[in-house]
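Peer 1: I am attaching a structure below and will ask some questions about it afterwards.
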Amino acid sequence: MTTKELVAQIQKKKSFLCIGLDVDLDKIPSHLLKEEDPIFAFNKAIIDATHHLCVSYKPNTAFYEAYGLKGWKSLEKTIHYLNENYPEIFTIADAKRGDIGNTSTMYAKAFFEDLAFDSVTVAPYMGKDSVEPFLTFKDKHTIMLALTSNEGAFDFQTKKIDDNELYKHVLETSKSWKNSENLMYVVGATKAEYFTEIRKIVPNSFLLVPGVGAQGGNLQDVCKYGLSENVGLLINSSRGIIYASNGNDFAEKAAKKALKIQQQMKNYIK
Ligand SMILES: O=C(O)c1cc(=O)[nH]c(=O)n1[C@@H]1O[C@H](COP(=O)(O)O)[C@@H](O)[C@H]1O
């Protein structure tokens, strides 16, 4: 998917919500456990109930890998279901990959070609040659960690090197990489006070912003400092939406939560 198509979808739906499909069998309604593929059954119901309120879904691969081959099958079924039924949706494989060049190419093939996701999350720690292989894929997007939502972000990311914080070096340096127009960045919603500085370095890039809901991040603050000319934000919530209820009404309750967020978002879209 092109960035232009993503922006058009945001304008049409008046939403920049990304719903995280982080499925935990201990948290889903017990009646689904009788299904042949409980994870897919859960995802399908959530997607069918919420697709008109969001522009993106982000399965975090850890929640699938934890169930072995069966979990990977559920991930495959989920992405195929999205691509076949809701092709306008921007799909994110939250896998946080990145390795030496030839290995990164294989990761990119796994998520962009085999599974046909629109984007994948990567870690920047191994530098340019670990990320550039992802950037060579046309109309695919690489979402690189910049300033993460967790407490550990202060261990390295905000530490200064040559007078500038490490996350600023990550943003600045990555702009010179080949095909850098295919980069987006992760910035945690819990770090709203940093958005002004981040926008000085990447004024128009899309930012994936997790941490609203369960981690306590605030939508208003993120929008106040993080919006760009093209909206430029994908705000993610996982547990705060998908586990709104663990009864028969789980999908309906998830849609209610998503609607509440979309109603706030629409005020920020011109
Ligand atoms: O890359 C991510 O999506 C990510 C980066 C980050 O800094 N913080 C963060 O929470 N995430 C992911 O975003 C999701 C947040 O989930 P909730 O806290 O349940 O909304 C999880 O899948 C996390 O792995």
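Residues in the structure tokens are named by chain (A, B, ... in the order shown) and by number from 1 within that chain; ligands are numbered from 1 in the order shown.
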Skipping near chain neighbours, those fewer than 6 positions away, what residues fall within 12 Å of Asn85 in chain A using only C-alpha atoms, listed as JSON, numbers by chain?
Peer 2: {"A": [44, 47, 48, 51, 77, 78, 79]}
Peer 1: Could you give me, as a PDB file with N, CA and C atoms, in the first residue's frame, the residues within 7 Å of Ala49 in chain A, counting only C-alpha atoms and dropping anything in the same chain fewer than 3 positions from it?
Peer 2:
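Dumped to around_21.pdb:
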ATOM      1  N   ALA A  45     -13.798 -12.091  14.388  1.00  0.00           N
ATOM      2  CA  ALA A  45     -14.924 -11.387  15.012  1.00  0.00           C
ATOM      3  C   ALA A  45     -14.548  -9.937  15.331  1.00  0.00           C
ATOM      4  N   ILE A  46     -13.340  -9.727  15.851  1.00  0.00           N
ATOM      5  CA  ILE A  46     -12.892  -8.362  16.181  1.00  0.00           C
ATOM      6  C   ILE A  46     -12.785  -7.526  14.888  1.00  0.00           C
ATOM      7  N   ALA A 251     -16.925  -8.782  20.792  1.00  0.00           N
ATOM      8  CA  ALA A 251     -16.641  -8.018  19.569  1.00  0.00           C
ATOM      9  C   ALA A 251     -17.401  -6.686  19.591  1.00  0.00           C
ATOM     10  N   GLU A 252     -18.629  -6.765  20.043  1.00  0.00           N
ATOM     11  CA  GLU A 252     -19.470  -5.561  20.155  1.00  0.00           C
ATOM     12  C   GLU A 252     -18.841  -4.551  21.136  1.00  0.00           C
ATOM     13  N   ALA A 255     -15.834  -2.948  19.620  1.00  0.00           N
ATOM     14  CA  ALA A 255     -16.248  -1.915  18.661  1.00  0.00           C
ATOM     15  C   ALA A 255     -16.633  -0.627  19.401  1.00  0.00           C
TER      16      ALA A 255
END
Peer 1: Throw together the list of residues within 7 Å of ligand 1, counting only C-alpha atoms and all ligand atoms, and drop it here as a JSON list (two decimals) with N, CA and C atoms, in the first residue's frame.
Peer 2:
[["chain", "number", "residue", "atom", "x", "y", "z"],
["A", 20, "GLY", "N", -4.43, -3.39, 17.85],
["A", 20, "GLY", "CA", -3.42, -4.44, 18.06],
["A", 20, "GLY", "C", -4.08, -5.79, 18.31],
["A", 22, "ASP", "N", -3.21, -8.69, 19.72],
["A", 22, "ASP", "CA", -2.28, -9.41, 20.60],
["A", 22, "ASP", "C", -3.07, -10.45, 21.38],
["A", 60, "ASN", "N", 0.97, -8.57, 16.93],
["A", 60, "ASN", "CA", 2.34, -8.71, 17.42],
["A", 60, "ASN", "C", 2.68, -10.20, 17.32],
["A", 94, "ASP", "N", 4.07, -6.79, 13.70],
["A", 94, "ASP", "CA", 4.92, -6.26, 14.77],
["A", 94, "ASP", "C", 5.87, -7.37, 15.20],
["A", 96, "LYS", "N", 9.56, -6.73, 15.20],
["A", 96, "LYS", "CA", 10.79, -6.10, 15.71],
["A", 96, "LYS", "C", 12.04, -6.86, 15.27],
["A", 121, "THR", "N", 7.77, -4.04, 11.83],
["A", 121, "THR", "CA", 8.55, -3.24, 12.76],
["A", 121, "THR", "C", 9.97, -3.80, 12.84],
["A", 145, "LEU", "N", 11.94, 1.37, 15.44],
["A", 145, "LEU", "CA", 11.83, 1.86, 16.81],
["A", 145, "LEU", "C", 12.66, 3.14, 16.95],
["A", 147, "LEU", "N", 11.64, 5.97, 19.77],
["A", 147, "LEU", "CA", 11.55, 6.21, 21.21],
["A", 147, "LEU", "C", 10.37, 5.38, 21.72],
["A", 148, "THR", "N", 10.69, 4.31, 22.43],
["A", 148, "THR", "CA", 9.65, 3.33, 22.74],
["A", 148, "THR", "C", 8.84, 3.72, 23.99],
["A", 149, "SER", "N", 7.73, 3.02, 24.18],
["A", 149, "SER", "CA", 6.77, 3.43, 25.22],
["A", 149, "SER", "C", 7.17, 2.96, 26.63],
["A", 150, "ASN", "N", 8.10, 2.02, 26.69],
["A", 150, "ASN", "CA", 8.40, 1.39, 27.99],
["A", 150, "ASN", "C", 9.41, 2.19, 28.82],
["A", 186, "VAL", "N", 8.48, 4.27, 15.32],
["A", 186, "VAL", "CA", 7.69, 4.01, 16.53],
["A", 186, "VAL", "C", 8.05, 5.05, 17.59],
["A", 187, "VAL", "N", 7.04, 5.72, 18.11],
["A", 187, "VAL", "CA", 7.23, 6.62, 19.25],
["A", 187, "VAL", "C", 6.10, 6.32, 20.24],
["A", 188, "GLY", "N", 6.45, 6.04, 21.47],
["A", 188, "GLY", "CA", 5.44, 5.66, 22.46],
["A", 188, "GLY", "C", 4.54, 6.81, 22.87],
["A", 210, "PRO", "N", 2.21, 3.38, 19.93],
["A", 210, "PRO", "CA", 1.57, 2.46, 20.88],
["A", 210, "PRO", "C", 1.63, 3.02, 22.29],
["A", 211, "GLY", "N", 0.78, 2.51, 23.15],
["A", 211, "GLY", "CA", 0.87, 2.93, 24.55],
["A", 211, "GLY", "C", -0.34, 3.70, 25.04],
["A", 212, "VAL", "N", -1.34, 3.87, 24.13],
["A", 212, "VAL", "CA", -2.60, 4.48, 24.57],
["A", 212, "VAL", "C", -3.44, 3.35, 25.18],
["A", 213, "GLY", "N", -4.16, 3.65, 26.24],
["A", 213, "GLY", "CA", -4.98, 2.60, 26.86],
["A", 213, "GLY", "C", -4.23, 1.94, 28.00],
["A", 214, "ALA", "N", -3.94, 0.65, 27.85],
["A", 214, "ALA", "CA", -3.36, -0.14, 28.95],
["A", 214, "ALA", "C", -2.08, 0.46, 29.54],
["A", 215, "GLN", "N", -1.27, 1.14, 28.73],
["A", 215, "GLN", "CA", 0.01, 1.69, 29.24],
["A", 215, "GLN", "C", -0.12, 3.13, 29.73],
["A", 236, "ASN", "N", -1.95, 3.17, 18.19],
["A", 236, "ASN", "CA", -2.31, 1.77, 18.46],
["A", 236, "ASN", "C", -2.85, 1.58, 19.87],
["A", 237, "SER", "N", -3.88, 0.75, 19.93],
["A", 237, "SER", "CA", -4.30, 0.22, 21.23],
["A", 237, "SER", "C", -4.59, -1.25, 21.03],
["A", 238, "SER", "N", -4.08, -2.09, 21.91],
["A", 238, "SER", "CA", -4.32, -3.54, 21.79],
["A", 238, "SER", "C", -5.26, -3.98, 22.91],
["A", 239, "ARG", "N", -4.71, -4.23, 24.11],
["A", 239, "ARG", "CA", -5.53, -4.76, 25.21],
["A", 239, "ARG", "C", -6.73, -3.87, 25.53],
["A", 240, "GLY", "N", -6.54, -2.55, 25.43],
["A", 240, "GLY", "CA", -7.61, -1.60, 25.77],
["A", 240, "GLY", "C", -8.84, -1.77, 24.90]]
Peer 1: Do you know which residues are at most 10 Å from Glu88 in chain A counting only C-alpha atoms, after dropping those on the same chain fewer than 2 positions away, and could you put them as a list of chain:residue names?
Peer 2: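 Counting only C-alpha atoms, the residues come to A:Met1, A:Glu5, A:Leu6, A:Ala8, A:Gln9, A:His51, A:Val55, A:Ser56, A:Leu82, A:Asn83, A:Glu84, A:Asn85, A:Tyr86, A:Phe90, A:Thr91.
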Peer 1: Would you export the selected residues with C-alpha atoms as a CSV table (one decimal), in the first residue's frame, please?
Peer 2:
chain,number,residue,atom,x,y,z
A,1,MET,CA,0.0,0.0,0.0
A,5,GLU,CA,-3.6,5.3,0.0
A,6,LEU,CA,-3.1,5.2,3.7
A,8,ALA,CA,-6.9,8.7,1.8
A,9,GLN,CA,-8.2,5.9,4.1
A,51,HIS,CA,-12.8,-2.5,10.4
A,55,VAL,CA,-7.3,2.0,9.4
A,56,SER,CA,-4.8,-0.6,10.5
A,82,LEU,CA,-7.6,-9.0,6.0
A,83,ASN,CA,-6.0,-8.9,2.6
A,84,GLU,CA,-9.0,-10.7,0.9
A,85,ASN,CA,-11.8,-8.9,2.7
A,86,TYR,CA,-10.5,-5.5,3.7
A,90,PHE,CA,-2.8,-1.1,6.4
A,91,THR,CA,-1.4,-4.2,8.0
Peer 1: Set the distance at 8 Å and use only C-alpha atoms: which residues neighbour Ile28 in chain A once local chain neighbours fewer than 3 positions away are removed? I'd like the list as a count of residues only.
Peer 2: 7
Peer 1: Sorted by chain and rising residue number, list the residues of range 186-219 of chain A at most 12 Å from range 163-169 of chain A (counting only C-alpha atoms), each with its closest atom pair and distance in Å to one decimal, as CSV.
Peer 2:
residue,atom,partner,partner_atom,distance
A:Val186,CA,A:Tyr167,CA,10.6
A:Val187,CA,A:Tyr167,CA,9.8
A:Tyr194,CA,A:Lys168,CA,10.4
A:Phe195,CA,A:Lys168,CA,11.3
A:Thr196,CA,A:Lys168,CA,12.0
A:Glu197,CA,A:Lys168,CA,8.5
A:Ile198,CA,A:Lys168,CA,7.4
A:Arg199,CA,A:Lys168,CA,10.6
A:Lys200,CA,A:Lys168,CA,10.0
A:Ile201,CA,A:Lys168,CA,7.7
A:Val202,CA,A:Lys168,CA,9.9
Peer 1: Would you mind exporting the chosen residues as a compact mmCIF listing (two decimals), in the first residue's frame, restricted to N, CA and C atoms?
Peer 2:
# COMPACT_ATOMS: atom_id res chain seq x y z
N VAL A 186 8.48 4.27 15.32
CA VAL A 186 7.69 4.01 16.53
C VAL A 186 8.05 5.05 17.59
N VAL A 187 7.04 5.72 18.11
CA VAL A 187 7.23 6.62 19.25
C VAL A 187 6.10 6.32 20.24
N TYR A 194 7.99 14.44 24.04
CA TYR A 194 9.13 14.40 23.10
C TYR A 194 8.69 14.66 21.65
N PHE A 195 7.39 14.67 21.39
CA PHE A 195 6.91 14.74 20.00
C PHE A 195 7.35 16.01 19.28
N THR A 196 7.41 17.15 19.96
CA THR A 196 7.79 18.40 19.30
C THR A 196 9.21 18.28 18.73
N GLU A 197 10.11 17.72 19.54
CA GLU A 197 11.50 17.54 19.09
C GLU A 197 11.56 16.55 17.93
N ILE A 198 10.78 15.49 18.04
CA ILE A 198 10.78 14.45 16.99
C ILE A 198 10.27 15.02 15.67
N ARG A 199 9.22 15.84 15.75
CA ARG A 199 8.66 16.43 14.53
C ARG A 199 9.63 17.42 13.86
N LYS A 200 10.57 17.98 14.65
CA LYS A 200 11.59 18.87 14.04
C LYS A 200 12.49 18.05 13.12
N ILE A 201 12.71 16.78 13.45
CA ILE A 201 13.62 15.94 12.65
C ILE A 201 12.87 15.22 11.52
N VAL A 202 11.69 14.71 11.83
CA VAL A 202 10.91 14.00 10.80
C VAL A 202 9.50 14.62 10.72
Peer 1: Would you mind telling me which residue in A:Gln11, A:Ser174, A:Thr158, A:Gln220 lies nearest to Asp129 in chain A when using only C-alpha atoms?
Peer 2: A:Ser174
Peer 1: As number ranges by chain, please: every residue in range 66-204 of chain A that DSSP puts in strand (DSSP E).
Peer 2: A: 90-97, 119-122, 141-147, 160-161, 164-165, 183-187
Peer 1: For the selection just defined, write its residues with C-alpha atoms to a file, as a PDB file, in the first residue's frame.
Peer 2:
ATOM      1  CA  PHE A  90      -2.844  -1.067   6.437  1.00  0.00           C
ATOM      2  CA  THR A  91      -1.377  -4.194   8.007  1.00  0.00           C
ATOM      3  CA  ILE A  92       1.568  -4.201  10.405  1.00  0.00           C
ATOM      4  CA  ALA A  93       3.571  -7.275  11.390  1.00  0.00           C
ATOM      5  CA  ASP A  94       4.921  -6.259  14.767  1.00  0.00           C
ATOM      6  CA  ALA A  95       7.978  -8.511  14.759  1.00  0.00           C
ATOM      7  CA  LYS A  96      10.794  -6.098  15.706  1.00  0.00           C
ATOM      8  CA  ARG A  97      13.321  -7.741  13.385  1.00  0.00           C
ATOM      9  CA  SER A 119       4.760  -3.178   6.937  1.00  0.00           C
ATOM     10  CA  VAL A 120       6.998  -4.667   9.602  1.00  0.00           C
ATOM     11  CA  THR A 121       8.553  -3.238  12.763  1.00  0.00           C
ATOM     12  CA  VAL A 122      12.366  -3.330  13.049  1.00  0.00           C
ATOM     13  CA  HIS A 141       6.929   0.156   4.908  1.00  0.00           C
ATOM     14  CA  THR A 142       9.526  -0.391   7.586  1.00  0.00           C
ATOM     15  CA  ILE A 143       8.577   0.916  11.006  1.00  0.00           C
ATOM     16  CA  MET A 144      11.717   1.509  13.028  1.00  0.00           C
ATOM     17  CA  LEU A 145      11.830   1.861  16.810  1.00  0.00           C
ATOM     18  CA  ALA A 146      12.807   5.444  17.704  1.00  0.00           C
ATOM     19  CA  LEU A 147      11.549   6.211  21.215  1.00  0.00           C
ATOM     20  CA  LYS A 160      23.318  11.615  24.974  1.00  0.00           C
ATOM     21  CA  ILE A 161      26.059  10.943  22.426  1.00  0.00           C
ATOM     22  CA  ASN A 164      22.223  14.647  21.223  1.00  0.00           C
ATOM     23  CA  GLU A 165      20.012  11.854  22.505  1.00  0.00           C
ATOM     24  CA  LEU A 183      10.521   4.415   6.745  1.00  0.00           C
ATOM     25  CA  MET A 184       8.046   5.096   9.512  1.00  0.00           C
ATOM     26  CA  TYR A 185       8.975   5.319  13.205  1.00  0.00           C
ATOM     27  CA  VAL A 186       7.687   4.012  16.533  1.00  0.00           C
ATOM     28  CA  VAL A 187       7.227   6.622  19.251  1.00  0.00           C
TER      29      VAL A 187
END
Peer 1: Could you tell me which of A:Lys34, A:Lys128, A:Lys253, A:Lys178 comes closest to Gly101 in chain A if we count only C-alpha atoms?
Peer 2: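 Going through A:Lys34, A:Lys128, A:Lys253, A:Lys178 one by one, the smallest distance to Gly101 in chain A is for A:Lys128.
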Peer 1: What lies within 10 Å of Phe112 in chain A using only C-alpha atoms, ignoring chain neighbours under 4 positions off, as a ChimeraX atom specification?
Peer 2: /A:93,106-108,116-120,134,137-141
Peer 1: Could you write out the selected residues, including C-alpha atoms, as an mmCIF file, in the first residue's frame?
Peer 2:
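What follows is the written file part25.cif:
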data_model
loop_
_atom_site.group_PDB
_atom_site.id
_atom_site.type_symbol
_atom_site.label_atom_id
_atom_site.label_comp_id
_atom_site.auth_asym_id
_atom_site.auth_seq_id
_atom_site.Cartn_x
_atom_site.Cartn_y
_atom_site.Cartn_z
ATOM 1 C CA ALA A 93 3.571 -7.275 11.390
ATOM 2 C CA MET A 106 14.949 -13.121 4.483
ATOM 3 C CA TYR A 107 12.930 -11.466 7.267
ATOM 4 C CA ALA A 108 11.628 -8.941 4.733
ATOM 5 C CA ALA A 116 1.978 -10.055 2.366
ATOM 6 C CA PHE A 117 1.925 -7.539 5.217
ATOM 7 C CA ASP A 118 2.165 -3.845 4.256
ATOM 8 C CA SER A 119 4.760 -3.178 6.937
ATOM 9 C CA VAL A 120 6.998 -4.667 9.602
ATOM 10 C CA PHE A 134 13.645 -3.969 4.174
ATOM 11 C CA PHE A 137 10.474 -3.502 -1.285
ATOM 12 C CA LYS A 138 8.132 -1.307 -3.307
ATOM 13 C CA ASP A 139 5.072 0.068 -1.488
ATOM 14 C CA LYS A 140 6.096 -1.718 1.708
ATOM 15 C CA HIS A 141 6.929 0.156 4.908
#
Peer 1: DSSP on the backbone, then: every residue of range 65-194 of chain A marked helix (DSSP H, G or I), written as an NGL selection string.
Peer 2: :A and (65 or 68-85 or 101-114 or 128-135 or 153-156 or 166-174 or 180-182 or 189-194)
Peer 1: Rounded to one decimal in Å, what is the spacing between CA of Leu135 in chain A and CA of Glu181 in chain A?
Peer 2: 8.4 Å
Peer 1: Taking 3 positions as the minimum chain separation for residues in the same chain, which residues sit within 12 Å of Asn267 in chain A when counting only C-alpha atoms? Answer as a ChimeraX atom specification.
Peer 2: /A:11,14-16,219-220,223-224,231,261-264,270
